[in-house]
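> Just dropping this structure here.
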Amino acid sequence: MFMNHRFAEPVDVLKVLDFHSSPEGVRKTSGFCTNRRASQPDTAYRVGKQAQISAPTKQLFPGGEFPEDFSILTTLRPKAGLQSFLLSVYSEQGVQQLGVEVGRSPVFLYEDQSGRPAPEGYPLFRSLNLADGKWHRVAISVERKTVTVIVDCKQKITKPLLRGDCASVNTGGITVFGTRILDEDVFQGDIQQLLIVSDPKAAYDYCEHYSPDCETPHSHSLQAQQPEDQIKLCIKNASASPPHGLHQICQFLLDGGFVPIGDVVAGDIL
């Protein structure tokens with residue numbers, strides 16, 4: 001039986017922030033799995049110090065509501081020794097309401113509409129070091145008045161999040177990637193995936209459904225892979241199938257929605 005959270009539509013932050021167009025300071029690079037079973041290698045984005053990337057938060061949440069309980073999911077390899085914020089969400093008054101820090105002893109910054117918790121109450125994860133020069137899959141679950149961080153599918157730490165009842169995050173401001181406003185420290189390193197899912201349970205199966213091990217072929221995982229690359233791979237793998245097989249076994253995300261591969265003219269791609 002499938003759980004409902006598997007159907008929660010994720011916000012693909014890298015896509016919304018237009019990483020695929022390689023803005024200044026961003027370029028394509030190899031990803032978490034350089035050799036993935038029956039698939040092309042993972043691809044990621046290498047972010048340099050000069051990158052300055054932000055967008056109105058309403059572009060991430062066109063409906064205007066940031067979920068009260070949610071998951072933040074990311075696969076990344078920060079530069080060794082780095083200490084910076086990966087993602088910052090500001091209200092229209094310029095107050096930072098959400099911040100995901102990477103580095104040694106990272107903090108999870110959250111401030112609801114009533115200013116809770118106070119800065120001294122922000123959860124601090126002293127035993128973690130996310131900037132050791134290695135790839136990490138990091139899943140953050142915010143549910144009620146707790147925040148849980150799951151690193152590399154095994155290390156799990158839960159801390160209290162002393163926010164108010166019916167806590168909310170204002171979507172009238174901006175979302176900044178890789179830093180905080182006026183901070184000198186900026187994210188540098190590789191990032192393959194950054195998702196926000198409106199279900200706190202998604203963090204618990206991140207490595208199964210969103211960022212699987214290298215032994216698992218790609219399906220429709222939301223990473224830096226281009227749809228055209230997936231189509232080419234499917235056409236190649238389907239060449240040994242019956243003629244109708246190509247039209248039945250592949251679906252790809254094109255123009256913002258899933259369409260059957262049979263609707264794509266292979267000659268236009270290859």
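Residues are referred to by chain and number: the chain letter is A, B, ... according to the order shown in the structure tokens, the number counts from 1 in that chain, and ligands are numbered separately from 1 in the order shown.
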I want to know what sits within 9 Å of stretch 159-166 of chain A, based on only C-alpha atoms, with residues of the same chain fewer than 6 positions away left out; could you give that as a PyMOL selection string?
chain A and resi 68+110-118+121-125+142-149
> Any idea what's packed within 8 Å of A:Gln50, counting only C-alpha atoms, ignoring anything in its chain fewer than 2 positions away? Could you give it as a PyMOL selection string?
chain A and resi 24-25+48+52
> Counting only C-alpha atoms, figure out which residue out of A:Ala139, A:Val169, A:Ala55, A:Leu17 gets nearest to A:Leu109.
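Checking each of A:Ala139, A:Val169, A:Ala55, A:Leu17 against A:Leu109, counting only C-alpha atoms, the winner is A:Val169.
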> Can you list every residue of stretch 40-107 of chain A that has an atom at most 12 Å from stretch 174-184 of chain A, with its nearest atom pair and the distance in Å to one decimal, using only C-alpha atoms, ordered by chain then number, as a tab-separated table?

residue	atom	partner	partner_atom	distance
A:Arg46	CA	A:Gly178	CA	11.9
A:Val47	CA	A:Gly178	CA	8.8
A:Gly48	CA	A:Gly178	CA	9.9
A:Lys49	CA	A:Gly178	CA	9.2
A:Gln50	CA	A:Gly178	CA	10.6
A:Ala51	CA	A:Gly178	CA	8.3
A:Gln52	CA	A:Phe177	CA	7.5
A:Ile53	CA	A:Phe177	CA	5.5
A:Ser54	CA	A:Val176	CA	4.3
A:Ala55	CA	A:Thr175	CA	5.5
A:Pro56	CA	A:Ile174	CA	4.2
A:Thr57	CA	A:Ile174	CA	4.8
A:Lys58	CA	A:Ile174	CA	8.0
A:Gln59	CA	A:Ile174	CA	9.2
A:Leu60	CA	A:Thr175	CA	8.6
A:Phe61	CA	A:Thr175	CA	10.8
A:Pro78	CA	A:Gly178	CA	10.5
A:Leu82	CA	A:Gly178	CA	11.2
A:Gln83	CA	A:Thr179	CA	9.7
A:Ser84	CA	A:Thr179	CA	6.0
A:Phe85	CA	A:Thr179	CA	4.7
A:Leu86	CA	A:Gly178	CA	4.3
A:Leu87	CA	A:Phe177	CA	4.8
A:Ser88	CA	A:Val176	CA	5.1
A:Val89	CA	A:Thr175	CA	4.4
A:Tyr90	CA	A:Ile174	CA	5.4
A:Ser91	CA	A:Ile174	CA	6.9
A:Glu92	CA	A:Ile174	CA	7.3
A:Gln93	CA	A:Ile174	CA	10.1
A:Gly94	CA	A:Ile174	CA	8.4
A:Val95	CA	A:Ile181	CA	10.1
A:Gln96	CA	A:Arg180	CA	8.3
A:Gln97	CA	A:Thr175	CA	10.1
A:Leu98	CA	A:Thr175	CA	9.2
A:Gly99	CA	A:Arg180	CA	8.2
A:Val100	CA	A:Gly178	CA	9.3
A:Glu101	CA	A:Thr179	CA	8.8
A:Val102	CA	A:Gly178	CA	9.6
> Give me, as a ChimeraX atom specification, all polymer residues having an atom no more than 10 Å from A:Thr34, counting only C-alpha atoms and skipping those fewer than 4 positions away in the same chain.
/A:30,40-43,214
> Please list as a ChimeraX atom specification every residue within 9 Å of A:Ile150, counting only C-alpha atoms and excluding residues in the same chain fewer than 2 positions away.
/A:137-141,148,152-158,203-204
> So which residues of stretch 68-193 of chain A fall under strand (DSSP E) by DSSP, listed as a PyMOL selection string?
chain A and resi 70-78+84-90+96-102+108-110+136-143+146-151+155-160+174-177+189-193
